[in-house]
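Chemist: Next comes the structure file coords_17.txt, holding compact mmCIF, C-alpha atoms.
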# COMPACT_ATOMS: atom_id res chain seq x y z
CA MET R 1 -49.84 10.91 2.22
CA THR R 2 -48.32 7.66 1.07
CA ALA R 3 -44.69 7.24 1.94
CA THR R 4 -42.52 7.67 -1.13
CA LEU R 5 -39.66 5.30 -1.38
CA LYS R 6 -36.38 6.99 -2.08
CA GLN R 7 -35.04 4.52 -4.50
CA GLN R 8 -31.32 4.63 -4.24
CA SER R 9 -28.79 2.31 -5.63
CA ALA R 10 -26.43 5.24 -5.20
CA LEU R 11 -25.88 7.36 -2.12
CA PRO R 12 -27.33 10.88 -1.92
CA GLU R 13 -24.60 13.50 -2.05
CA GLU R 14 -25.56 15.10 1.28
CA MET R 15 -24.87 11.72 2.83
CA LEU R 16 -21.47 11.55 1.14
CA CYS R 17 -20.75 15.07 2.31
CA ASP R 18 -21.59 14.07 5.90
CA TYR R 19 -19.62 10.89 5.51
CA PHE R 20 -16.49 12.74 4.48
CA SER R 21 -16.79 15.37 7.15
CA GLY R 22 -17.26 12.73 9.84
CA ALA R 23 -20.80 13.81 10.68
CA LEU R 24 -22.48 10.45 10.18
CA ASP R 25 -23.34 8.13 13.02
CA PRO R 26 -20.63 5.41 13.16
CA ALA R 27 -23.07 2.67 12.10
CA GLU R 28 -24.28 4.69 9.13
CA GLU R 29 -20.66 5.42 8.31
CA LEU R 30 -19.91 1.71 8.38
CA LEU R 31 -22.69 1.06 5.91
CA VAL R 32 -21.54 3.84 3.58
CA GLY R 33 -17.93 2.66 3.84
CA THR R 34 -19.04 -0.88 2.99
CA LYS R 35 -21.04 0.34 0.02
CA LEU R 36 -17.99 2.25 -1.24
CA SER R 37 -15.82 -0.84 -0.92
CA MET R 38 -18.28 -2.83 -3.03
CA CYS R 39 -19.21 -0.41 -5.75
CA SER R 40 -16.88 1.40 -8.13
CA ALA R 41 -19.67 3.71 -9.32
CA ALA R 42 -20.20 4.83 -5.72
CA ARG R 43 -16.46 5.42 -5.36
CA GLU R 44 -16.49 7.58 -8.43
CA GLU R 45 -19.44 9.55 -7.15
CA ALA R 46 -17.69 9.93 -3.82
CA GLY R 47 -14.54 11.02 -5.62
CA ALA R 48 -16.47 13.85 -7.23
CA VAL R 49 -17.83 15.00 -3.86
CA ASN R 50 -14.36 14.70 -2.36
CA ALA R 51 -12.96 16.82 -5.19
CA VAL R 52 -15.29 19.61 -4.10
CA GLY R 53 -13.66 19.50 -0.68
CA GLY R 54 -10.28 19.79 -2.34
CA GLY R 55 -11.48 22.70 -4.45
CA LEU R 56 -12.63 24.51 -1.31
CA LEU R 57 -9.14 24.25 0.10
CA GLU R 58 -7.95 26.84 -2.40
CA ASP R 59 -10.50 29.23 -1.01
CA CYS R 60 -9.34 28.82 2.58
CA VAL R 61 -7.91 31.92 4.15
CA GLN R 62 -4.34 31.05 5.02
CA ALA R 63 -3.52 30.43 8.65
CA ALA R 64 -0.13 31.34 10.08
CA VAL R 65 2.06 28.27 10.33
CA SER R 66 4.76 27.66 12.90
CA GLN R 67 7.50 27.09 10.34
CA CYS R 68 8.03 27.98 6.72
CA GLY R 69 8.68 25.26 4.19
CA SER R 70 12.46 25.35 4.23
CA ASP R 71 12.63 25.27 8.03
CA PHE R 72 10.14 22.44 8.13
CA PHE R 73 12.09 20.47 5.58
CA ASP R 74 15.41 20.97 7.29
CA SER R 75 14.19 20.31 10.81
CA VAL R 76 11.78 17.48 10.18
CA ILE R 77 12.46 15.78 6.93
CA ALA R 78 16.19 16.19 6.49
CA ASN R 79 16.69 15.13 10.11
CA GLY R 80 15.37 11.74 9.24
CA LYS R 81 12.37 12.14 11.51
CA CYS R 82 10.21 11.18 8.64
CA ASN R 83 11.48 8.51 6.35
CA TYR R 84 10.67 8.49 2.72
CA ALA R 85 8.87 5.22 2.09
CA THR R 86 8.41 3.40 -1.19
CA GLN R 87 4.82 2.55 -1.79
CA GLN R 88 3.77 -1.04 -1.91
CA THR R 89 0.26 -1.62 -3.10
CA PRO R 90 -1.09 -4.84 -1.66
CA LYS R 91 -3.34 -6.68 -4.04
CA LYS R 92 -6.44 -7.75 -2.23
CA THR R 93 -9.40 -9.79 -3.30
CA MET R 94 -12.48 -9.50 -1.15
CA GLY R 95 -14.11 -12.59 0.27
CA ASP R 96 -17.88 -12.62 0.41
CA VAL R 97 -17.72 -10.20 3.35
CA PRO R 98 -16.70 -6.68 2.25
CA TYR R 99 -13.53 -5.77 4.10
CA PRO R 100 -14.95 -2.86 6.14
CA LEU R 101 -17.03 -5.51 7.91
CA ASN R 102 -14.18 -7.96 8.44
CA GLN R 103 -13.44 -6.73 11.91
CA LEU R 104 -17.01 -7.30 13.04
CA ILE R 105 -18.00 -10.47 11.20
CA GLY R 106 -14.86 -12.05 9.78
CA GLU R 107 -14.12 -12.73 6.13
CA SER R 108 -16.81 -15.18 5.24
CA LEU R 109 -20.57 -15.19 5.59
CA GLU R 110 -20.33 -18.91 6.28
CA GLY R 111 -18.91 -18.28 9.71
CA VAL R 112 -21.62 -15.91 10.95
CA LYS R 113 -23.48 -17.05 14.05
CA TRP R 114 -27.03 -16.25 13.12
CA LYS R 115 -29.81 -15.90 15.63
CA ARG R 116 -33.29 -16.86 14.54
CA VAL R 117 -35.78 -14.06 15.19
CA ALA R 118 -38.79 -15.10 13.14
CA PRO R 119 -39.67 -17.86 10.64
CA GLY R 120 -37.17 -17.58 7.82
CA VAL R 121 -35.51 -14.54 9.36
CA ARG R 122 -32.17 -14.59 11.12
CA GLU R 123 -29.96 -11.80 12.30
CA VAL R 124 -26.84 -10.87 14.20
CA LYS R 125 -26.42 -7.54 15.95
CA LEU R 126 -23.22 -5.65 15.14
CA PRO R 127 -21.77 -3.65 18.02
CA VAL R 128 -20.54 -0.34 16.61
CA SER R 129 -19.08 1.75 19.39
CA GLY R 130 -20.29 5.32 19.74
CA SER R 131 -23.35 4.65 17.63
CA ALA R 132 -26.89 5.75 18.43
CA CYS R 133 -28.26 3.37 15.79
CA THR R 134 -28.87 -0.37 15.66
CA ALA R 135 -26.73 -2.19 13.11
CA LYS R 136 -27.61 -5.73 12.13
CA LEU R 137 -26.73 -8.30 9.56
CA MET R 138 -29.92 -9.99 8.42
CA LYS R 139 -30.49 -13.20 6.55
CA LEU R 140 -33.80 -13.97 4.93
CA ASN R 141 -34.63 -17.37 3.46
CA ALA R 142 -36.02 -17.71 -0.03
CA ASP R 143 -39.63 -16.73 -0.39
CA VAL R 144 -39.84 -14.81 2.87
CA LYS R 145 -41.92 -11.73 3.39
CA VAL R 146 -41.08 -9.51 6.32
CA PRO R 147 -44.32 -8.56 8.06
CA GLU R 148 -45.47 -5.03 7.36
CA HIS R 149 -43.69 -2.60 9.68
CA SER R 150 -42.40 0.90 10.09
CA HIS R 151 -39.44 2.54 11.76
CA GLU R 152 -39.53 5.72 13.72
CA GLY R 153 -36.27 6.99 12.31
CA ASP R 154 -34.02 6.56 9.30
CA GLU R 155 -33.46 3.12 7.91
CA LEU R 156 -30.58 2.18 5.63
CA THR R 157 -30.26 -1.27 4.08
CA LEU R 158 -27.31 -2.45 2.01
CA MET R 159 -27.71 -5.70 0.05
CA LEU R 160 -24.76 -8.04 0.50
CA GLN R 161 -26.11 -11.14 -1.17
CA GLY R 162 -29.26 -12.06 -3.08
CA SER R 163 -32.03 -9.57 -3.68
CA PHE R 164 -35.29 -8.30 -2.27
CA VAL R 165 -38.25 -6.29 -3.41
CA ASP R 166 -39.35 -3.23 -1.45
CA ASP R 167 -42.33 -1.15 -2.60
CA GLY R 168 -42.13 -2.54 -6.08
CA GLN R 169 -38.40 -1.95 -6.56
CA THR R 170 -35.89 -4.78 -6.66
CA TYR R 171 -32.56 -4.31 -4.91
CA HIS R 172 -29.47 -6.37 -5.69
CA LYS R 173 -26.07 -6.84 -4.15
CA GLY R 174 -24.33 -3.53 -3.54
CA GLU R 175 -27.52 -1.48 -3.69
CA VAL R 176 -28.84 0.65 -0.87
CA VAL R 177 -32.41 1.28 0.24
CA ILE R 178 -32.85 4.47 2.18
CA HIS R 179 -35.98 5.28 4.13
CA SER R 180 -35.90 8.68 5.71
CA GLY R 181 -37.34 9.05 9.19
CA ASP R 182 -39.59 11.92 8.22
CA GLU R 183 -41.38 9.81 5.61
CA HIS R 184 -43.06 7.67 8.22
CA HIS R 185 -42.73 4.75 5.87
CA VAL R 186 -44.51 1.47 6.17
CA HIS R 187 -43.17 -1.42 4.20
CA ALA R 188 -43.06 -5.19 3.87
CA PRO R 189 -40.01 -6.30 1.92
CA TYR R 190 -40.15 -9.63 0.15
CA THR R 191 -37.35 -11.84 -1.06
CA GLU R 192 -37.81 -14.53 -3.64
CA THR R 193 -34.17 -15.63 -3.79
CA GLY R 194 -33.31 -15.17 -0.14
CA CYS R 195 -30.83 -12.50 0.82
CA ILE R 196 -28.32 -11.17 3.29
CA CYS R 197 -28.17 -7.48 4.07
CA LEU R 198 -26.71 -4.92 6.42
CA ALA R 199 -29.44 -2.89 8.10
CA VAL R 200 -28.91 0.28 10.10
CA THR R 201 -31.86 1.81 11.90
CA LYS R 202 -32.49 4.65 14.26
CA GLY R 203 -35.51 4.53 16.49
CA LYS R 204 -38.08 1.91 17.21
CA LEU R 205 -39.48 -0.76 14.97
CA ARG R 206 -43.23 -1.15 15.01
CA PHE R 207 -45.13 -3.82 13.21
CA THR R 208 -48.26 -2.57 11.54
CA GLY R 209 -50.90 -4.71 9.85
CA LEU R 210 -52.72 -7.67 11.38
CA PHE R 211 -49.65 -9.52 12.50
CA GLY R 212 -48.43 -6.26 13.92
CA LYS R 213 -50.97 -5.85 16.63
CA VAL R 214 -49.89 -9.12 18.17
CA ALA R 215 -46.17 -8.69 17.58
CA ASN R 216 -46.13 -5.21 19.10
CA LEU R 217 -47.07 -6.66 22.43
CA PHE R 218 -43.65 -8.27 22.44
CA ILE R 219 -41.62 -5.32 21.24
CA ARG R 220 -40.25 -2.80 23.67
CA MET K 221 -11.21 31.16 -25.13
CA PRO K 222 -9.63 30.90 -21.67
CA VAL K 223 -9.23 34.14 -19.77
CA PRO K 224 -5.72 35.15 -18.57
CA ALA K 225 -6.61 34.51 -14.93
CA GLU K 226 -7.74 31.05 -15.88
CA ILE K 227 -4.56 30.34 -17.79
CA LYS K 228 -2.52 31.51 -14.84
CA LYS K 229 -4.51 29.29 -12.50
CA GLN K 230 -4.19 26.33 -14.78
CA LYS K 231 -0.45 26.79 -14.94
CA GLU K 232 -0.37 26.87 -11.18
CA MET K 233 -2.28 23.64 -10.94
CA GLN K 234 -0.08 22.01 -13.55
CA ASN K 235 2.80 23.16 -11.50
CA PHE K 236 1.58 21.41 -8.35
CA SER K 237 1.27 18.15 -10.20
CA ASP K 238 4.78 18.53 -11.59
CA LEU K 239 6.10 19.39 -8.15
CA MET K 240 4.57 16.23 -6.69
CA ARG K 241 6.12 14.18 -9.42
CA SER K 242 9.48 15.75 -8.72
CA VAL K 243 9.22 14.96 -5.03
CA ALA K 244 8.28 11.37 -5.83
CA ARG K 245 11.03 10.77 -8.36
CA THR K 246 14.00 12.66 -7.00
CA GLN K 247 13.01 13.66 -3.43
CA ASP K 248 13.26 17.23 -4.62
CA ARG K 249 13.62 19.56 -1.61
CA GLN K 250 12.77 22.72 -3.49
CA ALA K 251 9.66 21.22 -5.02
CA PHE K 252 8.47 20.08 -1.62
CA ILE K 253 9.06 23.51 -0.12
CA GLN K 254 6.95 25.12 -2.82
CA LEU K 255 4.13 22.69 -2.12
CA TYR K 256 4.44 23.25 1.60
CA ASP K 257 4.41 27.02 1.32
CA HIS K 258 1.22 26.89 -0.73
CA PHE K 259 -0.70 24.16 1.04
CA ALA K 260 0.40 24.18 4.67
CA PRO K 261 -1.35 27.45 5.57
CA ARG K 262 -4.51 26.33 3.81
CA VAL K 263 -4.52 22.91 5.42
CA LYS K 264 -4.04 24.49 8.83
CA SER K 265 -6.91 26.87 8.13
CA TYR K 266 -9.11 23.94 7.13
CA LEU K 267 -8.24 22.10 10.34
CA MET K 268 -9.00 25.17 12.46
CA LYS K 269 -12.35 25.55 10.74
CA GLY K 270 -12.96 21.98 11.79
CA GLY K 271 -12.75 23.13 15.39
CA LEU K 272 -9.13 22.36 16.24
CA ASP K 273 -7.13 24.91 18.19
CA ASP K 274 -4.02 26.51 16.77
CA GLY K 275 -1.60 24.07 18.41
CA LEU K 276 -3.36 20.88 17.36
CA ALA K 277 -4.08 22.21 13.90
CA ASP K 278 -0.42 23.05 13.43
CA GLU K 279 0.56 19.59 14.64
CA LEU K 280 -1.82 17.78 12.30
CA MET K 281 -0.82 20.04 9.44
CA GLN K 282 2.79 19.03 10.00
CA GLU K 283 1.79 15.37 10.07
CA THR K 284 -0.11 15.91 6.84
CA MET K 285 2.89 17.47 5.13
CA MET K 286 5.08 14.63 6.38
CA THR K 287 2.70 12.17 4.77
CA VAL K 288 2.74 14.22 1.55
CA TRP K 289 6.50 13.69 1.57
CA GLN K 290 6.43 10.03 2.55
CA LYS K 291 3.67 9.00 0.17
CA ALA K 292 4.54 11.22 -2.77
CA GLU K 293 5.09 8.14 -4.87
CA SER K 294 1.51 7.03 -4.40
CA PHE K 295 0.10 10.30 -5.70
CA ASP K 296 -1.57 9.66 -9.03
CA GLY K 297 -2.27 12.84 -10.99
CA ALA K 298 -4.79 11.03 -13.14
CA LYS K 299 -6.93 10.02 -10.23
CA ALA K 300 -6.99 13.18 -8.14
CA ALA K 301 -5.89 16.76 -8.09
CA VAL K 302 -3.07 17.65 -5.71
CA SER K 303 -5.32 19.80 -3.53
CA THR K 304 -7.86 16.98 -3.26
CA TRP K 305 -5.17 14.48 -2.37
CA ILE K 306 -3.69 16.70 0.32
CA PHE K 307 -7.14 17.62 1.62
CA THR K 308 -7.97 13.92 1.94
CA ILE K 309 -4.80 13.21 3.90
CA ALA K 310 -5.50 16.12 6.26
CA ARG K 311 -9.09 15.06 6.74
CA ASN K 312 -8.19 11.47 7.51
CA LYS K 313 -5.68 12.63 10.11
CA LYS K 314 -8.25 14.89 11.71
CA ILE K 315 -10.82 12.13 11.86
CA ASP K 316 -8.36 9.58 13.21
CA ARG K 317 -7.22 11.98 15.90
CA LEU K 318 -10.69 12.98 16.99
CA ARG K 319 -12.48 9.67 16.88
CA LYS K 320 -10.57 7.53 19.40
CA ASN K 321 -12.91 4.78 20.49
CA ARG K 322 -15.55 5.47 17.94
CA GLY K 323 -16.56 2.60 15.67
CA GLY K 324 -17.60 3.11 12.07
CA TYR K 325 -15.40 2.77 9.04
CA HIS K 326 -13.75 5.55 7.19
CA PHE K 327 -13.10 4.33 3.70
CA ASP K 328 -10.07 6.09 2.35
CA LEU K 329 -10.49 6.76 -1.34
CA MET K 330 -6.73 7.02 -1.66
CA ASP K 331 -6.16 3.83 0.27
CA PRO K 332 -3.85 1.42 -1.57
CA ILE K 333 -6.35 -1.35 -0.90
CA ALA K 334 -9.09 0.70 -2.49
CA LEU K 335 -6.87 1.54 -5.42
CA ALA K 336 -6.09 -2.12 -5.84
CA LEU K 337 -9.80 -2.69 -6.33
CA GLU K 338 -9.93 -0.25 -9.22
CA SER K 339 -9.36 -1.33 -12.76
CA ASP K 340 -5.90 -0.45 -13.91
CA GLU K 341 -6.70 1.59 -16.97
CA VAL K 342 -5.17 5.02 -16.64
CA ASN K 343 -5.17 7.43 -19.50
CA ALA K 344 -2.56 10.05 -20.28
CA ASP K 345 -5.46 12.43 -20.88
CA ASP K 346 -6.71 11.90 -17.36
CA ALA K 347 -3.87 13.85 -15.80
CA VAL K 348 -4.52 16.83 -18.02
CA HIS K 349 -8.21 16.60 -17.30
CA THR K 350 -7.72 16.53 -13.58
CA ILE K 351 -5.70 19.72 -13.73
CA GLN K 352 -8.38 21.45 -15.74
CA VAL K 353 -10.96 20.28 -13.26
CA GLU K 354 -8.96 21.58 -10.34
CA THR K 355 -8.61 24.96 -12.00
CA HIS K 356 -12.26 25.23 -12.75
CA LEU K 357 -13.35 23.98 -9.37
CA SER K 358 -11.44 26.62 -7.48
CA GLN K 359 -12.90 29.24 -9.77
CA ALA K 360 -16.35 27.79 -9.28
CA VAL K 361 -15.96 28.39 -5.57
CA GLU K 362 -15.63 32.07 -6.40
CA THR K 363 -19.06 32.00 -8.04
CA LEU K 364 -20.78 30.71 -4.94
CA SER K 365 -22.55 33.20 -2.73
CA GLU K 366 -21.12 33.96 0.72
CA ASP K 367 -23.96 31.97 2.28
CA GLN K 368 -23.25 28.96 0.13
CA ILE K 369 -19.52 29.02 0.78
CA GLU K 370 -20.06 29.37 4.50
CA ILE K 371 -22.48 26.46 4.59
CA ILE K 372 -20.56 24.20 2.25
CA GLN K 373 -17.38 24.76 4.18
CA LYS K 374 -19.23 23.91 7.37
CA ALA K 375 -20.61 20.79 5.80
CA PHE K 376 -17.26 19.63 4.52
CA TYR K 377 -14.98 20.88 7.21
CA GLU K 378 -16.88 20.50 10.45
CA ASP K 379 -18.23 17.20 11.60
CA LYS K 380 -21.59 18.68 12.35
CA SER K 381 -24.83 17.21 11.15
CA HIS K 382 -27.09 19.42 9.09
CA GLY K 383 -29.33 19.77 12.12
CA ASP K 384 -26.42 21.14 14.17
CA ILE K 385 -25.46 23.55 11.41
CA ALA K 386 -29.04 24.77 11.23
CA GLU K 387 -29.08 25.39 14.97
CA GLU K 388 -25.76 27.16 14.94
CA LEU K 389 -26.67 29.48 12.10
CA ASN K 390 -30.21 29.88 13.34
CA LEU K 391 -31.66 28.68 10.05
CA PRO K 392 -34.38 26.19 9.18
CA LEU K 393 -33.02 22.73 8.44
CA GLY K 394 -34.57 22.86 4.97
CA THR K 395 -32.61 26.02 4.17
CA VAL K 396 -29.33 24.43 5.23
CA LYS K 397 -29.99 21.33 3.14
CA SER K 398 -30.98 23.24 0.05
CA ARG K 399 -28.01 25.61 0.27
CA ILE K 400 -25.63 22.68 0.51
CA ARG K 401 -27.39 20.94 -2.34
CA LEU K 402 -27.29 24.04 -4.55
CA GLY K 403 -23.67 24.77 -3.74
CA LEU K 404 -22.68 21.19 -4.45
CA LYS K 405 -24.71 21.25 -7.62
CA LYS K 406 -22.89 24.33 -8.89
CA MET K 407 -19.56 22.70 -8.22
CA ARG K 408 -20.72 19.50 -9.84
CA VAL K 409 -21.86 21.35 -12.95
CA VAL K 410 -18.34 22.65 -13.26
CA LEU K 411 -17.03 19.12 -12.99
CA LYS K 412 -19.43 17.89 -15.61
CA GLU K 413 -18.71 20.76 -18.00
CA ASN K 414 -15.09 19.87 -17.84
CA GLY K 415 -15.70 16.28 -18.64
CA PHE K 416 -14.71 15.07 -15.22
CA LYS K 417 -14.98 11.40 -15.99
CA ASN K 418 -15.92 10.45 -12.48
CA ASP K 419 -19.07 12.50 -12.34
CA SER K 420 -21.91 10.40 -13.66
CA ASN K 421 -24.64 12.23 -11.79
CA THR K 422 -26.35 15.08 -13.60
In structure tokens, write the structure found in this file.
Modeler:
Amino acid sequence: MTATLKQQSALPEEMLCDYFSGALDPAEELLVGTKLSMCSAAREEAGAVNAVGGGLLEDCVQAAVSQCGSDFFDSVIANGKCNYATQQTPKKTMGDVPYPLNQLIGESLEGVKWKRVAPGVREVKLPVSGSACTAKLMKLNADVKVPEHSHEGDELTLMLQGSFVDDGQTYHKGEVVIHSGDEHHVHAPYTETGCICLAVTKGKLRFTGLFGKVANLFIR
Amino acid sequence: MPVPAEIKKQKEMQNFSDLMRSVARTQDRQAFIQLYDHFAPRVKSYLMKGGLDDGLADELMQETMMTVWQKAESFDGAKAAVSTWIFTIARNKKIDRLRKNRGGYHFDLMDPIALALESDEVNADDAVHTIQVETHLSQAVETLSEDQIEIIQKAFYEDKSHGDIAEELNLPLGTVKSRIRLGLKKMRVVLKENGFKNDSNT
């Protein structure tokens, strides 16, 4: 059975559900968080999923609380243990690095220390603590085709700059490609413009195709 | 033609929004107490369902209600229902407390930075809409089957993967996924029927 590409420029709602409940692997969470910071449509979609969580709150059986409202107010709030703060909304413009990634790679893509891994392909590994996945920033030069390969597990790719074509679909900045581990997908993405993307994978990479047989000798 | 129960519910929801506004504008003690008495027990219940023991859940619930007080001014009735806003605060506290040295990035939809990214157009109609949505959503929950509620609550409230939920309930993974999907779909239909402007997915 040929692997079907789950074309997603949006995130599937189960993934948003997991994201909100904290069930995602930290690297996957980072990718989803980055996507949300880049894409107002995704934020709206997420808002709808989040609203479901809020709706469920009404249905929650009430738990006994240690203090009733008036006691709480008088002992905590009136006592000045919790100061009423006026809200200041900082205006922020994002550099070319979405701000969820700032801590790991700074504010500009110019400053990234790329490591060449293949002709026209550079990458930098992102250390995400507590993660069972591999997170990388990848940079492909114009007119590069990644040799045909497959991943054993899930693969998520978020476009940060430029575009690439995967299984006949073109993905632009802010869009997400999701390959599920149970598809056993094989693909060979190609970029005409060159691109930079955030890739999160679980499980081993194996090159298939002619090039693959040789390359696999060097992959652990 | 709205049913009396619906009208009552809608009035209740309208009330919460008004209470928040009162807290924000005049630091209204009575308004806050009403919000606390309604939401605190539910927030604590949500936290306990997420696996926290009574003591920790009570502590985080108190922190949540303190934030409701402190950030009342940032509550925007056009962007979210009160229950959603409070739920989000509670969830963020739970996640922050439990994650410690974990990496990842939890994007806060209510984050001022996020809000600063949004376009500034806010409609007077939006606030009314949100209240209608909140009313209908909580009623939609009542239409879900016991199985669906149980699973959806697990999905939203516990940080378990679908695989873990399947193991715990002794169900096939496919069943867990489809129940969550169906439950979410039902809730989303409600959103769409009520013209929830944020729901673009059919």
Chemist: Any idea what's packed within 9 Å of Lys269 of chain K, counting all atoms listed in the file, ignoring anything in its chain fewer than 6 positions away? Could you give it as a list in words?
Modeler: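 With the cut-off at 9 Å, the set is Gln373, Lys374, Tyr377 and Glu378 of chain K.
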Chemist: May I have the residues within 8 Å of Leu205 of chain R as a list in words, using all atoms listed in the file and disregarding those fewer than 5 positions away in the same chain?
Modeler: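 Near neighbours after the sequence-gap exclusion: His149, Ser150, His151 and Glu152 of chain R.
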Chemist: Report, in Å to a single decimal, how far apart atom CA of Thr157 of chain R and atom CA of Ser21 of chain R are.
Modeler: 21.6 Å
Chemist: Can you work out the spacing between atom CA of Met159 of chain R and atom CA of Glu175 of chain R in Å, to one decimal?
Modeler: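 Calculated distance between atom CA of Met159 of chain R and atom CA of Glu175 of chain R is 5.6 Å.
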Chemist: Could you jot down the atom CA of Asn79 of chain R to atom CA of Ala244 of chain K separation for me, Å, one decimal place?
Modeler: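 Taking atom CA of Asn79 of chain R as the start and atom CA of Ala244 of chain K as the end point, the length is 18.4 Å.
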